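One file, input16.csv, carrying CSV, C-alpha atoms:
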chain,number,residue,atom,x,y,z
Q,1,MET,CA,157.2,3.1,66.6
Q,2,LEU,CA,155.3,0.6,64.5
Q,3,THR,CA,152.6,3.1,63.5
Q,4,VAL,CA,155.0,4.6,61.1
Q,5,PRO,CA,153.8,3.0,57.8
Q,6,PHE,CA,156.8,1.3,56.1
Q,7,ILE,CA,154.6,-1.3,54.6
Q,8,ASP,CA,154.8,-1.1,50.9
Q,9,GLY,CA,158.3,-2.6,50.6
Q,10,VAL,CA,159.5,-6.1,51.5
Q,11,TYR,CA,162.3,-6.6,54.0
Q,12,PRO,CA,165.3,-6.1,53.9
Q,13,CYS,CA,164.3,-2.7,52.5
Q,14,VAL,CA,164.9,0.3,54.8
Q,15,ASN,CA,162.6,3.1,55.7
Q,16,ALA,CA,162.0,5.7,53.0
Q,17,PRO,CA,159.0,7.9,52.1
Q,18,VAL,CA,158.4,5.8,48.9
Q,19,PHE,CA,157.5,2.9,51.2
Q,20,GLU,CA,155.1,4.8,53.4
Q,21,ASN,CA,151.4,4.2,53.0
Q,22,SER,CA,149.3,5.6,55.9
Q,23,PRO,CA,145.9,4.6,54.6
Q,24,GLU,CA,147.0,0.9,54.8
Q,25,THR,CA,148.0,1.0,58.4
Q,26,TYR,CA,146.1,-0.6,61.3
Q,27,GLY,CA,144.9,2.7,62.6
Q,28,ALA,CA,143.4,4.0,59.4
Q,29,LYS,CA,141.9,0.6,58.6
Q,30,ALA,CA,140.3,0.2,62.0
Q,31,ALA,CA,138.9,3.7,61.7
Q,32,ASN,CA,137.4,2.9,58.3
Q,33,MET,CA,135.8,-0.3,59.7
Q,34,LEU,CA,134.2,1.8,62.5
Q,35,ASN,CA,133.2,4.7,60.1
Q,36,ALA,CA,135.3,7.0,62.3
Q,37,ASP,CA,137.7,9.9,61.6
Q,38,TYR,CA,141.3,9.4,62.6
Q,39,SER,CA,144.5,11.3,63.3
Q,40,ILE,CA,147.9,9.5,63.4
Q,41,VAL,CA,150.9,10.8,65.4
Q,42,ALA,CA,154.0,8.7,64.5
Q,43,TRP,CA,157.7,9.3,64.8
Q,44,SER,CA,160.1,6.6,63.5
Q,45,ALA,CA,162.5,5.0,66.0
Q,46,LYS,CA,161.0,6.8,69.0
Q,47,GLY,CA,160.4,5.1,72.4
Q,48,LEU,CA,158.6,5.6,75.6
Q,49,THR,CA,161.7,5.8,77.8
Q,50,ARG,CA,164.5,5.5,75.2
Q,51,ASN,CA,164.7,5.5,71.4
Q,52,TYR,CA,165.8,2.7,69.1
Q,53,VAL,CA,169.3,1.5,69.9
Q,54,THR,CA,172.3,3.3,68.3
Q,55,PRO,CA,175.7,1.7,67.7
Q,56,ASN,CA,177.2,3.5,70.7
Q,57,GLY,CA,174.2,3.1,72.9
Q,58,ILE,CA,173.8,6.9,73.2
Q,59,TYR,CA,170.6,8.7,72.1
Q,60,THR,CA,170.1,12.4,72.5
Q,61,SER,CA,166.9,13.0,70.5
Q,62,PRO,CA,163.6,13.4,72.3
Q,63,ILE,CA,161.5,10.4,73.2
Q,64,MET,CA,157.8,10.2,72.3
Q,65,PRO,CA,156.3,11.6,75.4
Q,66,GLU,CA,158.3,14.8,74.7
Q,67,LEU,CA,157.2,14.9,71.1
Q,68,TRP,CA,153.5,13.9,71.5
Q,69,THR,CA,151.1,16.5,70.1
Q,70,ARG,CA,147.4,16.7,70.6
Q,71,TYR,CA,144.6,17.0,68.1
Q,72,GLY,CA,140.9,17.5,68.4
Q,73,ASN,CA,138.6,15.9,71.0
Q,74,PRO,CA,138.6,12.1,70.3
Q,75,ASP,CA,136.3,9.4,71.6
Q,76,ALA,CA,139.2,6.9,71.6
Q,77,VAL,CA,142.9,7.2,71.8
Q,78,VAL,CA,145.2,4.3,70.8
Q,79,ILE,CA,148.6,4.1,72.3
Q,80,HIS,CA,151.1,1.8,70.6
Q,81,LEU,CA,154.6,2.5,72.1
Q,82,GLY,CA,157.4,0.5,73.6
Q,83,THR,CA,158.9,-1.6,70.8
Q,84,ASN,CA,161.9,0.6,70.4
Q,85,ASP,CA,162.6,0.7,74.1
Q,86,PHE,CA,163.2,-3.1,73.9
Q,87,SER,CA,166.0,-2.8,71.3
Q,88,TYR,CA,169.5,-3.3,72.8
Q,89,LEU,CA,171.5,-5.1,70.1
Q,90,ALA,CA,173.4,-3.3,67.3
Q,91,TYR,CA,175.1,-4.9,64.3
Q,92,ASN,CA,178.8,-4.9,63.6
Q,93,SER,CA,179.1,-5.1,59.8
Q,94,THR,CA,182.8,-5.9,60.0
Q,95,SER,CA,182.4,-9.0,62.2
Q,96,GLY,CA,178.9,-9.8,61.1
Q,97,THR,CA,177.7,-10.1,64.7
Q,98,ASN,CA,175.4,-8.4,67.0
Q,99,TYR,CA,176.6,-6.7,70.2
Q,100,PRO,CA,174.8,-5.0,73.1
Q,101,PRO,CA,175.7,-1.3,73.4
Q,102,ARG,CA,173.2,-0.9,76.1
Q,103,PRO,CA,171.4,-3.2,78.6
Q,104,PRO,CA,167.9,-4.7,78.0
Q,105,VAL,CA,165.0,-2.5,79.0
Q,106,ASN,CA,164.1,-2.2,82.6
Q,107,ALA,CA,160.5,-3.3,82.7
Q,108,THR,CA,159.7,-1.5,86.0
Q,109,VAL,CA,161.0,1.8,84.6
Q,110,LEU,CA,159.0,1.2,81.4
Q,111,THR,CA,155.8,0.4,83.4
Q,112,THR,CA,156.2,3.6,85.4
Q,113,ALA,CA,156.6,5.6,82.2
Q,114,ALA,CA,153.6,3.9,80.5
Q,115,THR,CA,151.4,4.7,83.5
Q,116,ALA,CA,152.5,8.3,83.5
Q,117,PHE,CA,152.0,8.7,79.7
Q,118,ILE,CA,148.4,7.3,80.0
Q,119,GLN,CA,147.7,9.8,82.7
Q,120,THR,CA,149.1,12.6,80.6
Q,121,VAL,CA,146.9,11.6,77.7
Q,122,HIS,CA,143.8,11.3,79.9
Q,123,LYS,CA,144.5,14.8,81.3
Q,124,HIS,CA,144.0,16.3,77.9
Q,125,TYR,CA,141.3,13.9,76.7
Q,126,LYS,CA,139.1,13.4,79.7
Q,127,LYS,CA,136.3,11.7,77.9
Q,128,ALA,CA,138.3,9.4,75.6
Q,129,SER,CA,138.6,5.7,76.1
Q,130,ILE,CA,142.3,4.7,75.8
Q,131,PHE,CA,143.4,1.5,74.1
Q,132,LEU,CA,146.9,0.1,74.9
Q,133,MET,CA,148.4,-2.0,72.2
Q,134,GLY,CA,151.0,-4.8,72.5
Q,135,SER,CA,153.7,-5.1,70.0
Q,136,PRO,CA,153.5,-7.6,67.1
Q,137,LEU,CA,157.2,-7.1,66.3
Q,138,LEU,CA,158.4,-8.4,69.6
Q,139,SER,CA,158.7,-12.1,70.2
Q,140,ASP,CA,159.4,-14.4,73.2
Q,141,SER,CA,162.4,-16.1,71.5
Q,142,TYR,CA,164.4,-13.2,70.1
Q,143,PRO,CA,167.0,-11.9,71.2
Q,144,THR,CA,166.7,-14.5,73.9
Q,145,ALA,CA,164.0,-16.6,75.5
Q,146,ALA,CA,165.0,-15.0,78.9
Q,147,ASP,CA,164.1,-11.6,77.5
Q,148,ALA,CA,160.5,-12.8,76.7
Q,149,GLN,CA,160.0,-9.4,75.0
Q,150,HIS,CA,156.5,-10.0,73.7
Q,151,THR,CA,155.2,-11.1,77.1
Q,152,THR,CA,157.1,-8.5,79.0
Q,153,ASP,CA,155.7,-5.7,76.8
Q,154,ALA,CA,152.2,-7.1,77.3
Q,155,ASP,CA,152.7,-7.2,81.0
Q,156,VAL,CA,153.9,-3.6,81.1
Q,157,TRP,CA,150.8,-2.3,79.4
Q,158,LYS,CA,148.5,-4.6,81.4
Q,159,VAL,CA,149.9,-3.4,84.7
Q,160,ALA,CA,149.8,0.3,83.6
Q,161,GLY,CA,146.3,-0.2,82.4
Q,162,ARG,CA,145.1,-1.6,85.7
Q,163,ALA,CA,146.9,1.2,87.6
Q,164,VAL,CA,145.1,4.0,85.7
Q,165,ALA,CA,141.8,2.1,85.7
Q,166,ALA,CA,142.0,2.2,89.5
Q,167,GLN,CA,142.1,6.0,89.2
Q,168,GLY,CA,138.9,6.0,87.1
Q,169,ILE,CA,140.6,6.2,83.7
Q,170,SER,CA,139.0,4.2,80.9
Q,171,ALA,CA,142.0,2.2,79.6
Q,172,GLN,CA,142.3,-1.4,78.4
Q,173,PHE,CA,145.0,-3.6,76.9
Q,174,VAL,CA,144.5,-5.1,73.5
Q,175,ASN,CA,147.0,-7.8,72.5
Q,176,TRP,CA,148.3,-8.6,69.0
Q,177,PRO,CA,150.2,-11.8,68.3
Q,178,THR,CA,153.8,-11.7,67.1
Q,179,GLN,CA,153.8,-11.0,63.3
Q,180,GLY,CA,154.5,-13.7,60.7
Q,181,ASN,CA,157.8,-14.1,58.9
Q,182,VAL,CA,157.1,-11.7,56.0
Q,183,TYR,CA,157.8,-8.1,56.9
Q,184,GLY,CA,157.6,-4.6,55.5
Q,185,CYS,CA,160.7,-2.3,55.6
Q,186,ASP,CA,162.8,-2.3,58.7
Q,187,ASN,CA,160.8,-5.3,60.1
Q,188,HIS,CA,157.7,-3.2,60.3
Q,189,PRO,CA,154.4,-5.1,59.9
Q,190,ASN,CA,153.3,-5.4,56.2
Q,191,ALA,CA,149.9,-4.5,54.8
Q,192,LEU,CA,148.4,-7.9,55.5
Q,193,THR,CA,149.6,-7.8,59.2
Q,194,ASN,CA,148.2,-4.3,59.5
Q,195,MET,CA,144.8,-5.4,58.3
Q,196,GLN,CA,144.8,-8.3,60.8
Q,197,GLU,CA,145.8,-5.8,63.5
Q,198,ALA,CA,143.0,-3.5,62.4
Q,199,VAL,CA,140.3,-6.1,62.8
Q,200,VAL,CA,141.4,-6.8,66.4
Q,201,LEU,CA,141.6,-3.1,67.3
Q,202,ALA,CA,138.3,-2.3,65.7
Q,203,ASP,CA,136.6,-5.2,67.5
Q,204,ALA,CA,138.0,-3.9,70.8
Q,205,ILE,CA,136.9,-0.3,70.2
Q,206,SER,CA,133.4,-1.4,69.0
Q,207,ALA,CA,132.8,-3.6,72.0
Q,208,SER,CA,134.0,-1.0,74.5
Q,209,LEU,CA,132.2,2.0,73.0
Q,210,ASN,CA,129.2,0.2,71.5
Q,211,TRP,CA,129.9,1.4,68.0
Let's see the structure in the file written out as structure tokens.
Amino acid sequence: MLTVPFIDGVYPCVNAPVFENSPETYGAKAANMLNADYSIVAWSAKGLTRNYVTPNGIYTSPIMPELWTRYGNPDAVVIHLGTNDFSYLAYNSTSGTNYPPRPPVNATVLTTAATAFIQTVHKHYKKASIFLMGSPLLSDSYPTAADAQHTTDADVWKVAGRAVAAQGISAQFVNWPTQGNVYGCDNHPNALTNMQEAVVLADAISASLNW
């Protein structure tokens, strides 16, 4: 998930602890802007329905809803999941080409899972407002325009947000644009992108909670 802070390096570096910098991530920055305490739960390569694609298309490690842990009694919960679910291409270093070891994500399945996860979070944090983030890593042109991954991801969270709102759960979608062409390690957003994301998130929380 993109909350994992591989932001101090410059792509094509790969994830390593030396590149992690949690205080520079969007969550920490937004909390500082709001003068709020924060807690980050982040697992690299985890998804909502399936984890980041593997060369053989098989993944056996737990997904994020199975790993999620709870802390404290927050006023706001930010959910930023789904990017890894969209991955379906792996790289063949011998041929130098990409290949699909699994099919593209099923948006209906992802929406159902998103709705269920929001409900689970609300069950434990009854008083918290929930903010649902789009993915800045996804675009509407890669891997194909037909995938329209950025828009599809946004639609998933919008539909899930409306579904739980109809049940009386305070949840709203907050969109981030696709990131620029300068990345941190493993294509994660760099420090500048994280700051831009933090401003958008802080504004949304401030407006919703009157902070």
Stretch 122-133 of chain Q: which residues within 10 Å, counting all atoms listed in the file, same-chain residues fewer than 4 positions away excluded, as a compact mmCIF listing (two decimals) with C-alpha atoms, in the coordinates of the input?
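result19.txt, freshly written:
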# COMPACT_ATOMS: atom_id res chain seq x y z
CA ARG Q 70 147.40 16.70 70.60
CA TYR Q 71 144.60 17.00 68.10
CA GLY Q 72 140.90 17.50 68.40
CA ASN Q 73 138.60 15.90 71.00
CA PRO Q 74 138.60 12.10 70.30
CA ASP Q 75 136.30 9.40 71.60
CA ALA Q 76 139.20 6.90 71.60
CA VAL Q 77 142.90 7.20 71.80
CA VAL Q 78 145.20 4.30 70.80
CA ILE Q 79 148.60 4.10 72.30
CA HIS Q 80 151.10 1.80 70.60
CA LEU Q 81 154.60 2.50 72.10
CA GLY Q 82 157.40 0.50 73.60
CA ALA Q 114 153.60 3.90 80.50
CA ALA Q 116 152.50 8.30 83.50
CA PHE Q 117 152.00 8.70 79.70
CA ILE Q 118 148.40 7.30 80.00
CA ASP Q 153 155.70 -5.70 76.80
CA ALA Q 154 152.20 -7.10 77.30
CA TRP Q 157 150.80 -2.30 79.40
CA LYS Q 158 148.50 -4.60 81.40
CA ALA Q 160 149.80 0.30 83.60
CA GLY Q 161 146.30 -0.20 82.40
CA VAL Q 164 145.10 4.00 85.70
CA ILE Q 169 140.60 6.20 83.70
CA SER Q 170 139.00 4.20 80.90
CA ALA Q 171 142.00 2.20 79.60
CA GLN Q 172 142.30 -1.40 78.40
CA PHE Q 173 145.00 -3.60 76.90
CA VAL Q 174 144.50 -5.10 73.50
CA ASN Q 175 147.00 -7.80 72.50
CA TRP Q 176 148.30 -8.60 69.00
CA GLU Q 197 145.80 -5.80 63.50
CA LEU Q 201 141.60 -3.10 67.30
CA ALA Q 204 138.00 -3.90 70.80
CA ILE Q 205 136.90 -0.30 70.20
CA SER Q 208 134.00 -1.00 74.50
CA LEU Q 209 132.20 2.00 73.00
re atom CA of Q:Ser139 and atom CA of Q:Thr152: distance 9.6 Å
Nearest to Q:Leu137, chosen from Q:Asn51, Q:Gln167, Q:Asn84, Q:Thr60, with only C-alpha atoms counted in the distances: Q:Asn84
Hey, what's within 6 Å of Q:Gly57 if we count only C-alpha atoms and toss same-chain stuff fewer than 2 positions away? As an mmCIF file with C-alpha atoms, in the coordinates of the input, please?
data_model
loop_
_atom_site.group_PDB
_atom_site.id
_atom_site.type_symbol
_atom_site.label_atom_id
_atom_site.label_comp_id
_atom_site.auth_asym_id
_atom_site.auth_seq_id
_atom_site.Cartn_x
_atom_site.Cartn_y
_atom_site.Cartn_z
ATOM 1 C CA VAL Q 53 169.300 1.500 69.900
ATOM 2 C CA THR Q 54 172.300 3.300 68.300
ATOM 3 C CA PRO Q 55 175.700 1.700 67.700
ATOM 4 C CA PRO Q 101 175.700 -1.300 73.400
ATOM 5 C CA ARG Q 102 173.200 -0.900 76.100
#
For each of Q:Asp37, Q:Asp140, Q:Asp203, Q:Glu20, take the minimum atom-to-atom distance to Q:Thr178, counting only C-alpha atoms, then give the residue where this is smallest.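 Checking each of Q:Asp37, Q:Asp140, Q:Asp203, Q:Glu20 against Q:Thr178, counting only C-alpha atoms, the winner is Q:Asp140.
For Q:Leu48, the residues within 7 Å (counting only C-alpha atoms, excluding itself and residues fewer than 3 positions away along the chain) are Ile63, Met64, Pro65, Leu81, Gly82, Asp85 and Ala113 of chain Q.
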Point out the residue among Q:Ala198, Q:Asn187, Q:Thr112, Q:Ser141 with the least atom-to-atom distance to Q:Val159, counting all atoms listed in the file.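 Nearest to Q:Val159: Q:Thr112.
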Give me the residues within 12 Å of Q:Gln179 as an NGL selection string, counting all atoms listed in the file and dropping any in the same chain fewer than 2 places off. :Q and (2 or 134-140 or 150 or 175-177 or 181-184 or 187-197)
Please report the interatomic distance between atom CA of Q:Ser22 and atom CA of Q:Thr69 in Å with one decimal.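 We find that atom CA of Q:Ser22 and atom CA of Q:Thr69 lie 18.0 Å from each other.
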Can you work out which one of Q:Tyr99, Q:Thr115, Q:Gly180, Q:Arg50 has the shortest atom-to-atom distance to Q:Ala166, counting all atoms listed in the file?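 That would be Q:Thr115, the residue with the smallest distance to Q:Ala166.
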One decimal, in Å: what's the spacing between atom CA of Q:Asn106 and atom CA of Q:Thr49?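 Separation of atom CA of Q:Asn106 and atom CA of Q:Thr49: 9.6 Å.
With only C-alpha atoms as the basis for measurement, Q:Ala146 is the residue among Q:Ala165, Q:Leu67, Q:Val156, Q:Ala146 that approaches Q:Pro104 most closely.
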